[in-house]
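Printed here is run.txt (compact mmCIF, C-alpha atoms and all ligand atoms):
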```txt
# COMPACT_ATOMS: atom_id res chain seq x y z
CA MET K 1171 -11.20 51.91 -36.80
CA THR K 1172 -8.88 48.92 -37.31
CA SER K 1173 -7.26 48.47 -40.71
CA ASP K 1174 -9.53 45.43 -41.34
CA ALA K 1175 -12.65 47.51 -40.61
CA ALA K 1176 -11.38 50.31 -42.88
CA ALA K 1177 -10.89 47.86 -45.75
CA LEU K 1178 -14.15 46.02 -45.09
CA PRO K 1179 -16.60 48.45 -43.43
CA CYS K 1180 -19.33 45.83 -43.00
CA LEU K 1181 -17.19 44.28 -40.23
CA ALA K 1182 -18.56 47.06 -38.02
CA ARG K 1183 -21.99 45.41 -38.31
CA ILE K 1184 -20.69 42.43 -36.31
CA ARG K 1185 -21.29 42.97 -32.57
CA PRO K 1186 -18.27 44.63 -30.92
CA ASP K 1187 -18.17 42.01 -28.14
CA ILE K 1188 -17.94 39.26 -30.75
CA ARG K 1189 -15.21 41.09 -32.63
CA ALA K 1190 -13.31 41.42 -29.35
CA MET K 1191 -13.56 37.67 -28.63
CA HIS K 1192 -10.99 35.01 -29.36
CA ALA K 1193 -12.24 32.08 -31.45
CA TYR K 1194 -12.47 28.77 -29.57
CA PRO K 1195 -8.96 27.32 -29.97
CA VAL K 1196 -8.79 23.92 -31.65
CA GLN K 1197 -5.17 22.80 -31.42
CA ASP K 1198 -3.43 21.51 -34.53
CA ALA K 1199 -2.63 17.86 -33.80
CA THR K 1200 -0.95 16.95 -37.08
CA GLY K 1201 1.66 14.28 -36.39
CA LEU K 1202 0.96 14.30 -32.66
CA LEU K 1203 -0.57 11.79 -30.26
CA LYS K 1204 -3.87 13.51 -29.51
CA MET K 1205 -4.46 13.54 -25.74
CA ASP K 1206 -6.04 16.98 -25.49
CA ALA K 1207 -9.78 16.57 -26.09
CA MET K 1208 -11.02 13.51 -24.17
CA GLU K 1209 -11.70 11.52 -27.30
CA ASN K 1210 -12.15 7.76 -27.22
CA PRO K 1211 -8.84 6.38 -28.59
CA HIS K 1212 -10.54 3.38 -30.21
CA ARG K 1213 -11.73 3.40 -33.80
CA LEU K 1214 -14.48 1.10 -35.00
CA PRO K 1215 -13.26 -2.48 -35.56
CA PRO K 1216 -12.74 -3.08 -39.35
CA ALA K 1217 -15.84 -5.28 -39.79
CA LEU K 1218 -18.02 -2.57 -38.26
CA GLN K 1219 -16.31 0.12 -40.35
CA GLN K 1220 -17.32 -1.75 -43.46
CA ALA K 1221 -20.88 -2.36 -42.29
CA LEU K 1222 -21.29 1.33 -41.38
CA GLY K 1223 -19.83 2.44 -44.69
CA GLU K 1224 -22.35 0.35 -46.58
CA ARG K 1225 -25.20 1.70 -44.49
CA LEU K 1226 -24.14 5.31 -44.99
CA GLY K 1227 -23.79 4.66 -48.72
CA ARG K 1228 -27.44 3.62 -48.94
CA LEU K 1229 -28.78 6.76 -47.26
CA ALA K 1230 -31.00 9.19 -49.13
CA ILE K 1231 -28.73 12.21 -48.71
CA ASN K 1232 -30.83 14.07 -51.27
CA ARG K 1233 -33.57 14.29 -48.59
CA TYR K 1234 -33.77 16.29 -45.40
CA PRO K 1235 -33.66 14.17 -42.24
CA GLY K 1236 -37.08 12.64 -41.53
CA ALA K 1237 -38.20 9.49 -39.76
CA GLU K 1238 -34.67 8.56 -38.73
CA THR K 1239 -34.66 11.49 -36.28
CA GLY K 1240 -37.50 9.86 -34.35
CA ALA K 1241 -35.75 6.49 -34.53
CA LEU K 1242 -32.63 7.98 -32.96
CA LYS K 1243 -34.62 9.65 -30.20
CA SER K 1244 -36.26 6.30 -29.37
CA ALA K 1245 -32.91 4.49 -29.42
CA LEU K 1246 -31.32 7.09 -27.13
CA ALA K 1247 -34.33 7.01 -24.79
CA ALA K 1248 -33.90 3.24 -24.46
CA HIS K 1249 -30.11 3.57 -24.10
CA ALA K 1250 -30.34 6.16 -21.32
CA GLY K 1251 -33.46 4.74 -19.64
CA LEU K 1252 -35.50 7.92 -20.07
CA PRO K 1253 -37.68 8.45 -16.96
CA PRO K 1254 -41.49 8.30 -17.41
CA GLY K 1255 -42.98 11.67 -18.36
CA TRP K 1256 -39.64 12.82 -19.76
CA ALA K 1257 -38.71 13.55 -23.37
CA LEU K 1258 -35.45 14.19 -25.17
CA MET K 1259 -34.26 16.55 -27.84
CA LEU K 1260 -31.22 16.25 -30.10
CA GLY K 1261 -28.31 18.65 -30.53
CA ASN K 1262 -25.41 18.81 -32.94
CA GLY K 1263 -23.18 17.85 -30.04
CA SER K 1264 -24.08 19.07 -26.57
CA ASP K 1265 -22.32 22.30 -27.52
CA GLU K 1266 -25.35 23.14 -29.62
CA LEU K 1267 -27.72 22.29 -26.76
CA ILE K 1268 -25.81 24.65 -24.46
CA THR K 1269 -26.25 27.40 -27.06
CA LEU K 1270 -29.96 26.61 -27.55
CA LEU K 1271 -30.63 26.67 -23.82
CA ALA K 1272 -29.04 30.10 -23.52
CA LEU K 1273 -31.02 31.29 -26.53
CA ALA K 1274 -34.28 29.94 -25.13
CA CYS K 1275 -33.72 31.59 -21.74
CA ALA K 1276 -32.37 34.93 -23.02
CA GLN K 1277 -34.93 37.32 -21.53
CA PRO K 1278 -34.05 40.74 -20.13
CA GLY K 1279 -32.35 40.29 -16.77
CA ALA K 1280 -31.82 36.52 -17.18
CA SER K 1281 -28.53 35.05 -16.03
CA MET K 1282 -26.56 31.81 -15.88
CA LEU K 1283 -24.60 30.49 -12.91
CA ALA K 1284 -21.94 27.81 -12.70
CA PRO K 1285 -19.08 26.85 -10.44
CA MET K 1286 -15.76 27.63 -12.08
CA PRO K 1287 -13.41 26.32 -13.36
CA SER K 1288 -15.81 24.27 -15.44
CA PHE K 1289 -16.73 23.84 -19.09
CA VAL K 1290 -15.85 26.95 -21.12
CA MET K 1291 -18.94 26.74 -23.34
CA TYR K 1292 -21.25 27.79 -20.47
CA PRO K 1293 -19.90 31.36 -20.13
CA LEU K 1294 -19.42 31.59 -23.88
CA ALA K 1295 -23.07 30.71 -24.57
CA ALA K 1296 -24.17 33.18 -21.90
CA GLN K 1297 -22.14 35.95 -23.48
CA LEU K 1298 -23.33 35.21 -27.01
CA HIS K 1299 -26.96 35.36 -25.95
CA GLY K 1300 -26.73 38.32 -23.61
CA LEU K 1301 -27.14 36.51 -20.29
CA ALA K 1302 -25.08 37.69 -17.34
CA PHE K 1303 -22.73 34.90 -16.23
CA HIS K 1304 -22.06 34.41 -12.53
CA ALA K 1305 -19.06 32.24 -11.71
CA VAL K 1306 -18.64 30.82 -8.21
CA PRO K 1307 -15.09 29.61 -7.51
CA LEU K 1308 -14.68 25.98 -6.56
CA ALA K 1309 -13.09 25.16 -3.22
CA ALA K 1310 -9.34 24.59 -3.24
CA ASP K 1311 -9.67 20.83 -3.84
CA PHE K 1312 -12.08 21.46 -6.75
CA GLN K 1313 -15.08 20.46 -4.62
CA LEU K 1314 -18.19 22.63 -4.64
CA ASP K 1315 -18.27 25.57 -2.27
CA GLU K 1316 -21.85 24.82 -1.31
CA ALA K 1317 -22.39 27.87 0.90
CA ALA K 1318 -21.10 30.22 -1.81
CA MET K 1319 -23.21 28.49 -4.45
CA LEU K 1320 -26.37 28.73 -2.32
CA ALA K 1321 -25.70 32.39 -1.63
CA ALA K 1322 -25.17 33.08 -5.35
CA ILE K 1323 -28.39 31.26 -6.30
CA GLU K 1324 -30.27 33.30 -3.70
CA GLN K 1325 -28.68 36.57 -4.85
CA HIS K 1326 -28.86 36.17 -8.63
CA ARG K 1327 -31.85 33.80 -9.08
CA PRO K 1328 -30.29 32.57 -12.34
CA ALA K 1329 -32.41 31.19 -15.16
CA LEU K 1330 -29.85 28.42 -15.69
CA LEU K 1331 -27.61 26.63 -13.21
CA TYR K 1332 -24.97 24.42 -14.89
CA LEU K 1333 -23.49 21.54 -12.93
CA ALA K 1334 -21.08 19.33 -14.86
CA HIS K 1335 -21.51 15.83 -13.50
CA PRO K 1336 -18.57 15.07 -13.51
CA ASN K 1337 -16.74 18.31 -14.13
CA ASN K 1338 -14.40 19.27 -16.96
CA PRO K 1339 -11.47 20.07 -16.69
CA THR K 1340 -11.07 18.87 -13.10
CA GLY K 1341 -12.71 15.41 -13.43
CA THR K 1342 -14.43 15.92 -10.07
CA LEU K 1343 -17.75 14.18 -9.33
CA TRP K 1344 -19.24 16.57 -6.80
CA ASP K 1345 -20.95 15.50 -3.59
CA GLU K 1346 -24.41 14.17 -4.35
CA GLY K 1347 -26.04 15.75 -1.31
CA ALA K 1348 -24.59 19.17 -2.13
CA LEU K 1349 -25.81 18.88 -5.73
CA ALA K 1350 -29.30 17.94 -4.53
CA ARG K 1351 -29.41 20.95 -2.21
CA LEU K 1352 -28.30 23.30 -5.01
CA ALA K 1353 -30.90 21.85 -7.38
CA GLU K 1354 -33.57 22.29 -4.74
CA ALA K 1355 -32.55 25.91 -4.10
CA GLN K 1356 -32.62 26.62 -7.82
CA GLY K 1357 -36.11 25.09 -8.06
CA ARG K 1358 -37.41 27.22 -5.18
CA HIS K 1359 -37.10 30.40 -7.26
CA GLY K 1360 -38.27 28.73 -10.49
CA GLY K 1361 -34.87 28.35 -12.19
CA LEU K 1362 -33.58 25.51 -14.36
CA VAL K 1363 -30.76 23.12 -13.53
CA VAL K 1364 -28.64 21.41 -16.20
CA MET K 1365 -26.75 18.33 -15.06
CA ASP K 1366 -24.17 17.99 -17.82
CA GLU K 1367 -23.27 14.30 -18.03
CA ALA K 1368 -20.83 14.44 -20.94
CA TYR K 1369 -18.52 12.02 -19.09
CA GLN K 1370 -21.26 9.65 -17.93
CA PRO K 1371 -19.67 6.52 -19.52
CA PHE K 1372 -16.77 6.90 -17.06
CA ALA K 1373 -18.60 8.07 -13.94
CA ALA K 1374 -19.78 6.11 -10.92
CA ARG K 1375 -23.31 7.53 -10.99
CA THR K 1376 -25.89 9.36 -13.06
CA TRP K 1377 -28.43 11.93 -11.95
CA LEU K 1378 -31.12 9.99 -13.80
CA ASP K 1379 -31.22 7.53 -10.89
CA ARG K 1380 -32.28 10.35 -8.58
CA VAL K 1381 -34.85 11.54 -11.11
CA ARG K 1382 -36.38 8.07 -11.24
CA GLN K 1383 -36.54 7.94 -7.41
CA ASN K 1384 -38.36 11.27 -7.16
CA PRO K 1385 -39.65 12.57 -10.50
CA ALA K 1386 -41.84 15.23 -8.87
CA ALA K 1387 -38.78 17.01 -7.51
CA HIS K 1388 -37.08 17.13 -10.90
CA GLY K 1389 -39.47 19.03 -13.17
CA HIS K 1390 -36.89 21.84 -13.41
CA VAL K 1391 -33.85 19.58 -13.86
CA LEU K 1392 -32.44 18.71 -17.28
CA VAL K 1393 -29.88 15.97 -17.87
CA MET K 1394 -27.60 16.57 -20.84
CA ARG K 1395 -25.55 13.83 -22.49
CA THR K 1396 -23.38 13.41 -25.56
CA LEU K 1397 -22.16 10.48 -27.62
CA SER K 1398 -18.79 12.27 -28.06
CA LYS K 1399 -16.97 10.65 -25.15
CA PHE K 1400 -18.79 7.36 -25.76
CA GLY K 1401 -16.80 7.17 -29.02
CA LEU K 1402 -18.55 9.36 -31.59
CA ALA K 1403 -16.96 12.80 -31.16
CA GLY K 1404 -16.78 13.18 -34.93
CA ALA K 1405 -20.47 12.44 -35.44
CA ARG K 1406 -21.73 15.31 -33.20
CA ILE K 1407 -24.64 13.89 -31.24
CA GLY K 1408 -25.85 15.50 -28.02
CA TYR K 1409 -29.16 14.95 -26.26
CA LEU K 1410 -31.06 16.78 -23.59
CA MET K 1411 -33.55 15.02 -21.33
CA GLY K 1412 -36.18 16.56 -19.11
CA ASP K 1413 -39.86 16.93 -18.31
CA ALA K 1414 -41.67 16.59 -21.64
CA ARG K 1415 -43.38 19.98 -21.20
CA LEU K 1416 -40.05 21.74 -20.70
CA ILE K 1417 -38.30 19.94 -23.56
CA ALA K 1418 -41.18 20.85 -25.91
CA GLU K 1419 -40.51 24.55 -25.26
CA ILE K 1420 -36.70 24.42 -25.57
CA ASP K 1421 -36.98 22.31 -28.72
CA LYS K 1422 -38.72 25.21 -30.48
CA ALA K 1423 -35.37 27.06 -30.55
CA ARG K 1424 -33.68 24.20 -32.46
CA PRO K 1425 -33.11 24.50 -36.22
CA PRO K 1426 -35.39 21.82 -37.73
CA TYR K 1427 -32.66 19.76 -39.42
CA ASN K 1428 -29.79 20.28 -36.98
CA LEU K 1429 -28.54 16.69 -37.25
CA SER K 1430 -27.60 15.31 -40.63
CA VAL K 1431 -28.81 11.90 -41.77
CA LEU K 1432 -25.15 10.85 -41.62
CA ASN K 1433 -24.79 11.78 -37.92
CA ILE K 1434 -28.07 10.08 -37.15
CA GLU K 1435 -27.21 6.86 -38.97
CA CYS K 1436 -23.79 6.70 -37.27
CA ALA K 1437 -25.47 7.08 -33.89
CA LEU K 1438 -28.13 4.45 -34.64
CA PHE K 1439 -25.40 2.08 -35.78
CA ALA K 1440 -23.28 2.74 -32.70
CA LEU K 1441 -26.24 2.15 -30.38
CA GLU K 1442 -26.96 -1.16 -32.11
CA HIS K 1443 -23.37 -2.08 -31.15
CA ALA K 1444 -23.44 -0.41 -27.73
CA GLU K 1445 -21.66 -3.39 -26.16
CA VAL K 1446 -18.51 -2.57 -28.19
CA PHE K 1447 -18.47 0.97 -26.79
CA ALA K 1448 -19.34 -0.18 -23.27
CA ALA K 1449 -16.31 -2.48 -23.33
CA GLN K 1450 -14.14 0.43 -24.50
CA ALA K 1451 -15.43 2.64 -21.65
CA GLN K 1452 -14.72 -0.15 -19.18
CA ASP K 1453 -11.18 -0.45 -20.52
CA LEU K 1454 -10.70 3.33 -20.26
CA ARG K 1455 -11.84 3.29 -16.62
CA ALA K 1456 -9.21 0.63 -15.91
CA GLN K 1457 -6.61 2.65 -17.83
CA ARG K 1458 -7.57 5.72 -15.80
CA ALA K 1459 -6.79 3.87 -12.55
CA ALA K 1460 -3.42 2.71 -13.90
CA LEU K 1461 -2.55 6.17 -15.21
CA MET K 1462 -3.56 7.76 -11.90
CA ALA K 1463 -1.29 5.41 -9.97
CA ALA K 1464 1.62 6.16 -12.30
CA LEU K 1465 1.05 9.93 -12.08
CA ARG K 1466 0.84 9.83 -8.29
CA ALA K 1467 4.23 8.13 -8.19
CA LEU K 1468 5.83 11.04 -10.07
CA PRO K 1469 7.61 13.59 -7.90
CA GLY K 1470 6.51 17.17 -8.57
CA VAL K 1471 3.12 16.14 -9.97
CA THR K 1472 -0.25 16.37 -8.21
CA ALA K 1473 -2.95 14.31 -9.92
CA TYR K 1474 -6.57 15.07 -8.96
CA PRO K 1475 -9.23 12.35 -8.58
CA SER K 1476 -11.27 11.92 -11.76
CA GLU K 1477 -14.56 10.32 -12.76
CA GLY K 1478 -14.08 11.33 -16.41
CA ASN K 1479 -11.71 10.18 -19.15
CA MET K 1480 -9.22 12.89 -18.22
CA ILE K 1481 -6.87 13.55 -15.33
CA LEU K 1482 -5.97 17.06 -14.23
CA VAL K 1483 -2.38 17.37 -13.03
CA ARG K 1484 -0.56 20.25 -11.41
CA VAL K 1485 3.09 20.38 -12.23
CA ALA K 1486 5.00 22.06 -9.45
CA ALA K 1487 7.73 24.43 -10.55
CA SER K 1488 9.21 26.16 -7.60
CA GLY K 1489 6.21 24.84 -5.68
CA GLN K 1490 6.05 28.22 -3.92
CA PRO K 1491 3.34 29.25 -3.21
CA LEU K 1492 1.34 28.56 -6.39
CA PRO K 1493 2.93 26.62 -9.22
CA ASP K 1494 3.38 29.10 -12.00
CA ALA K 1495 1.92 29.06 -15.47
CA ALA K 1496 5.42 29.05 -16.92
CA ALA K 1497 6.03 25.58 -15.45
CA ALA K 1498 2.90 24.23 -17.13
CA GLN K 1499 3.84 25.86 -20.42
CA ARG K 1500 7.33 24.38 -20.23
CA VAL K 1501 6.01 20.87 -19.58
CA PHE K 1502 3.33 21.28 -22.27
CA GLU K 1503 5.95 22.33 -24.83
CA GLY K 1504 8.28 19.55 -23.69
CA MET K 1505 5.57 16.96 -24.24
CA LYS K 1506 4.67 18.45 -27.61
CA ALA K 1507 8.30 18.28 -28.67
CA ARG K 1508 7.96 14.55 -27.95
CA GLN K 1509 4.87 14.38 -30.21
CA VAL K 1510 2.29 14.25 -27.41
CA LEU K 1511 -0.43 16.91 -27.39
CA VAL K 1512 -2.23 17.58 -24.10
CA LYS K 1513 -4.24 20.60 -22.98
CA ASN K 1514 -2.55 23.39 -21.09
CA VAL K 1515 -5.38 24.76 -18.94
CA SER K 1516 -3.05 26.76 -16.73
CA THR K 1517 -4.21 30.20 -17.81
CA MET K 1518 -7.91 29.34 -18.10
CA HIS K 1519 -8.63 30.09 -14.43
CA PRO K 1520 -6.51 31.20 -11.46
CA GLN K 1521 -7.24 27.92 -9.65
CA LEU K 1522 -5.77 26.00 -12.58
CA ALA K 1523 -2.40 27.75 -12.48
CA GLY K 1524 0.26 25.19 -13.28
CA CYS K 1525 -2.28 22.60 -14.51
CA LEU K 1526 -2.37 20.37 -17.57
CA ARG K 1527 -5.32 18.19 -18.55
CA LEU K 1528 -4.40 14.73 -19.78
CA THR K 1529 -6.87 12.58 -21.71
CA VAL K 1530 -7.02 8.94 -20.66
CA GLY K 1531 -6.16 6.82 -23.69
CA SER K 1532 -5.32 3.22 -24.44
CA ALA K 1533 -2.57 1.52 -22.40
CA GLU K 1534 -0.15 2.22 -25.22
CA ASP K 1535 -1.12 5.90 -25.59
CA ASN K 1536 -0.90 6.41 -21.85
CA ALA K 1537 2.58 4.86 -21.73
CA ARG K 1538 3.75 7.26 -24.45
CA MET K 1539 2.13 10.20 -22.68
CA LEU K 1540 3.72 9.27 -19.36
CA ALA K 1541 7.16 8.90 -20.94
CA ALA K 1542 6.80 12.32 -22.56
CA LEU K 1543 5.63 13.86 -19.29
CA LYS K 1544 8.54 12.37 -17.34
CA ALA K 1545 11.03 13.61 -19.91
CA ALA K 1546 9.45 17.07 -20.01
CA LEU K 1547 9.28 17.56 -16.23
C1 LIG G 1601 -18.70 19.07 -19.66
C2 LIG G 1601 -18.86 19.05 -21.13
N1 LIG G 1601 -20.07 19.25 -21.65
C3 LIG G 1601 -20.27 19.24 -22.98
C4 LIG G 1601 -19.23 19.03 -23.86
C5 LIG G 1601 -19.51 19.11 -25.34
O1 LIG G 1601 -19.55 17.91 -25.93
P1 LIG G 1601 -20.03 17.72 -27.44
O2 LIG G 1601 -20.36 19.06 -28.02
O3 LIG G 1601 -18.90 17.06 -28.13
O4 LIG G 1601 -21.25 16.86 -27.35
C6 LIG G 1601 -17.96 18.80 -23.36
C7 LIG G 1601 -16.84 18.58 -24.29
O5 LIG G 1601 -15.71 18.40 -23.96
C8 LIG G 1601 -17.77 18.84 -21.97
O6 LIG G 1601 -16.55 18.68 -21.43
```

Can you dump the structure from the file as structure tokens?
Amino acid sequence: MTSDAAALPCLARIRPDIRAMHAYPVQDATGLLKMDAMENPHRLPPALQQALGERLGRLAINRYPGAETGALKSALAAHAGLPPGWALMLGNGSDELITLLALACAQPGASMLAPMPSFVMYPLAAQLHGLAFHAVPLAADFQLDEAAMLAAIEQHRPALLYLAHPNNPTGTLWDEGALARLAEAQGRHGGLVVMDEAYQPFAARTWLDRVRQNPAAHGHVLVMRTLSKFGLAGARIGYLMGDARLIAEIDKARPPYNLSVLNIECALFALEHAEVFAAQAQDLRAQRAALMAALRALPGVTAYPSEGNMILVRVAASGQPLPDAAAAQRVFEGMKARQVLVKNVSTMHPQLAGCLRLTVGSAEDNARMLAALKAAL
């Protein structure tokens, strides 16, 4: 028994696997330029800040959320172009939707499959809800290993197949044909596919276009989005779209008032001003191209192609044969000493050894980040 458990015996009532876990690390960014979490660098323009403040002030926060939930669903459906016959459900960020999906599918023997490295919440949700998690390594260039994925689908027949479209932390937008073949294989044994489009504002395509072309083939495919990268990370709005019959079942696992009236009103307001956020996303795509060009000109840095608002870089140390984690840690610390916080993903997966993930920010933020990186290399 640990000394904590001796002093507080009820700790033993918490599942041992949870007690053995590390909490999700949120880095302290006090005083630092925050380039670690793919946030939109732009705040609301002052006039909109004031208008939003007044609107929030008028809300009936003494009441549980009511009609505004339906209004937000309609606004998001129009924003995304929800395919006919599809419905959407809301999550407190897509993190909550990932948890609810695992909860809803947690039957004896059920499992989840995803290529890795990918978003850390998939295996975490699987673990928390007792689903086996099957990870299939990406190919060396972070592309899908289609043959290995097909074999794993065949072998494990997972309840849930997660495909981040594009992927975090690599930024890769995987081959459309390969994704279609994986989705089809998953459908053949009656499994679900989740296309996680968290980075959709920065990506060249959306899976919804394929759904619209052939709805009959997509009854088992869910498309998940968030307003976090759009510019509302603090408001916590995720949404899951799929065949209305499927969404109706998953939605039963959702706590009835999971989004506050404040989140909802922020989202409604933002969608009324969607053109402001669309212009910001367009600017960030241009900044991504400029940042990529600057990174590729740096000796000792490999920058991977990205369709998200992040760029994964490998910082070569000795360069032999795999850049070591110590090199990434040294560069990470060097950048932090220069007040720039990025994400060191080097120890998250063997294929990420030596890698840092850089958020794409404004031109000014990116210039500061590049200067810190150069100095730290
Ligand atoms: C691929 C992917 N999906 C989902 C999320 C969760 O987004 P949120 O919970 O902010 O909606 C993230 C966050 O970084 C992500 O990278």

**Request:** Choose the residue, out of K:Lys1422, K:Arg1484, K:Arg1508, K:Lys1399, that has the smallest atom-to-atom separation from ligand LIG 1601 (chain G); count all atoms listed in the file.
**Result:**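 Ranked by minimum distance to ligand LIG 1601 (chain G), first place goes to K:Lys1399.
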
**Request:** Using all atoms listed in the file, find each protein or nucleic acid residue lying at most 9 Å from ligand LIG 1601 (chain G); present the set as an MDAnalysis selection string.
**Result:** chainID K and resid 1207:1209 1261:1268 1288:1292 1333:1339 1366:1369 1394:1399 1402:1409

**Request:** Write out as a ChimeraX atom specification which residues come within 10 Å of Lys1204 of chain K when counting all atoms listed in the file, dropping same-chain ones fewer than 6 positions away.
**Result:** /K:1197-1198,1211,1509-1513,1528-1529,1531,1535,1539

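Comparing K:Leu1320, K:Ala1533, K:Ala1546, K:Gly1223 by their smallest distance to Asp1453 of chain K, the closest is K:Ala1533 (using all atoms listed in the file).
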
**Item:** Gap from atom CA of Gly1279 of chain K to atom CA of His1326 of chain K - Å, one decimal
**Value:**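 Interatomic distance here is 9.8 Å.
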
**Prompt:** So how many Å separate atom CA of Ala1423 of chain K and atom CA of Val1364 of chain K, to one decimal?
**Reply:**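 If I compute the distance from atom CA of Ala1423 of chain K to atom CA of Val1364 of chain K, I get 16.8 Å.
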
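Here the question is which of K:Leu1222, K:Gln1313, K:Leu1362, K:Leu1482 gets nearest to Ala1272 of chain K using all atoms listed in the file, and that residue is K:Leu1362.
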
**Prompt:** Which value, in Å to one decimal, gives the distance between atom CA of Ala1329 of chain K and atom CA of Gly1389 of chain K?
**Reply:**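 We find that atom CA of Ala1329 of chain K and atom CA of Gly1389 of chain K lie 14.2 Å from each other.
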
**All residues 12 Å or closer to Phe1312 of chain K, all atoms listed in the file, same chain fewer than 5 positions away omitted, as a list of chain:residue names** = K:Pro1285, K:Met1286, K:Pro1287, K:Ser1288, K:Val1306, K:Pro1307, K:Pro1336, K:Asn1337, K:Asn1338, K:Pro1339, K:Thr1340, K:Gly1341, K:Thr1342, K:Leu1343, K:Trp1344, K:Asp1345, K:Tyr1474, K:Pro1475, K:Ser1476, K:Leu1482, K:Gln1521, K:Leu1522

**Request:** Measuring atom to atom with only C-alpha atoms, identify which of K:Val1431, K:Ala1498, K:Glu1503, K:Leu1441 is nearest to Arg1233 of chain K.
**Result:** K:Val1431

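Using all atoms listed in the file for every distance, the candidate list K:Gly1401, K:Pro1425, K:Pro1469, K:Gly1361 yields K:Gly1401 as the residue closest to Ala1437 of chain K.
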
**Item:** Closest of K:Ala1217, K:Leu1410, K:Ala1296, K:Leu1468 to Leu1252 of chain K - atom-to-atom distances counting only C-alpha atoms
**Value:**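 Of K:Ala1217, K:Leu1410, K:Ala1296, K:Leu1468, the one nearest Leu1252 of chain K, counting only C-alpha atoms, is K:Leu1410.
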
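For Arg1458 of chain K, the list of residues within 9 Å, based on only C-alpha atoms and with local chain neighbours fewer than 2 positions off taken out, reads K:Asp1453, K:Leu1454, K:Arg1455, K:Ala1456, K:Ala1460, K:Leu1461, K:Met1462, K:Ala1463, K:Ser1476, K:Glu1477, K:Gly1478, K:Asn1479, K:Met1480, K:Ile1481, K:Val1530, K:Gly1531.
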
Would you fill the gaps in segment 1322-1326 of chain K so it has all heavy atoms, then print it as a JSON list (two decimals), keeping the file's coordinate frame?
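See selection-v4.json below for the written result:
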```
[["chain", "number", "residue", "atom", "x", "y", "z"],
["K", 1322, "ALA", "N", -25.10, 32.51, -4.00],
["K", 1322, "ALA", "CA", -25.17, 33.08, -5.35],
["K", 1322, "ALA", "C", -26.52, 32.79, -6.00],
["K", 1322, "ALA", "O", -27.08, 33.63, -6.71],
["K", 1322, "ALA", "CB", -24.02, 32.52, -6.20],
["K", 1323, "ILE", "N", -27.06, 31.60, -5.75],
["K", 1323, "ILE", "CA", -28.39, 31.26, -6.30],
["K", 1323, "ILE", "C", -29.44, 32.21, -5.72],
["K", 1323, "ILE", "O", -30.28, 32.78, -6.43],
["K", 1323, "ILE", "CB", -28.75, 29.79, -6.00],
["K", 1323, "ILE", "CG1", -27.85, 28.86, -6.81],
["K", 1323, "ILE", "CG2", -30.22, 29.50, -6.32],
["K", 1323, "ILE", "CD1", -27.93, 27.39, -6.42],
["K", 1324, "GLU", "N", -29.34, 32.40, -4.40],
["K", 1324, "GLU", "CA", -30.27, 33.30, -3.70],
["K", 1324, "GLU", "C", -30.16, 34.72, -4.25],
["K", 1324, "GLU", "O", -31.15, 35.39, -4.53],
["K", 1324, "GLU", "CB", -29.91, 33.27, -2.21],
["K", 1324, "GLU", "CG", -30.74, 34.14, -1.35],
["K", 1324, "GLU", "CD", -31.86, 33.32, -0.68],
["K", 1324, "GLU", "OE1", -32.16, 32.20, -1.15],
["K", 1324, "GLU", "OE2", -32.41, 33.81, 0.27],
["K", 1325, "GLN", "N", -28.92, 35.17, -4.43],
["K", 1325, "GLN", "CA", -28.68, 36.57, -4.85],
["K", 1325, "GLN", "C", -29.10, 36.79, -6.30],
["K", 1325, "GLN", "O", -29.76, 37.77, -6.62],
["K", 1325, "GLN", "CB", -27.20, 36.90, -4.66],
["K", 1325, "GLN", "CG", -26.88, 38.36, -5.01],
["K", 1325, "GLN", "CD", -25.37, 38.63, -5.03],
["K", 1325, "GLN", "OE1", -24.57, 37.79, -4.57],
["K", 1325, "GLN", "NE2", -24.98, 39.79, -5.55],
["K", 1326, "HIS", "N", -28.68, 35.90, -7.19],
["K", 1326, "HIS", "CA", -28.86, 36.17, -8.63],
["K", 1326, "HIS", "C", -30.12, 35.52, -9.23],
["K", 1326, "HIS", "O", -30.53, 35.91, -10.31],
["K", 1326, "HIS", "CB", -27.63, 35.68, -9.41],
["K", 1326, "HIS", "CG", -26.35, 36.31, -8.97],
["K", 1326, "HIS", "ND1", -26.11, 37.67, -9.11],
["K", 1326, "HIS", "CD2", -25.25, 35.80, -8.38],
["K", 1326, "HIS", "CE1", -24.91, 37.95, -8.63],
["K", 1326, "HIS", "NE2", -24.36, 36.83, -8.18]]
```
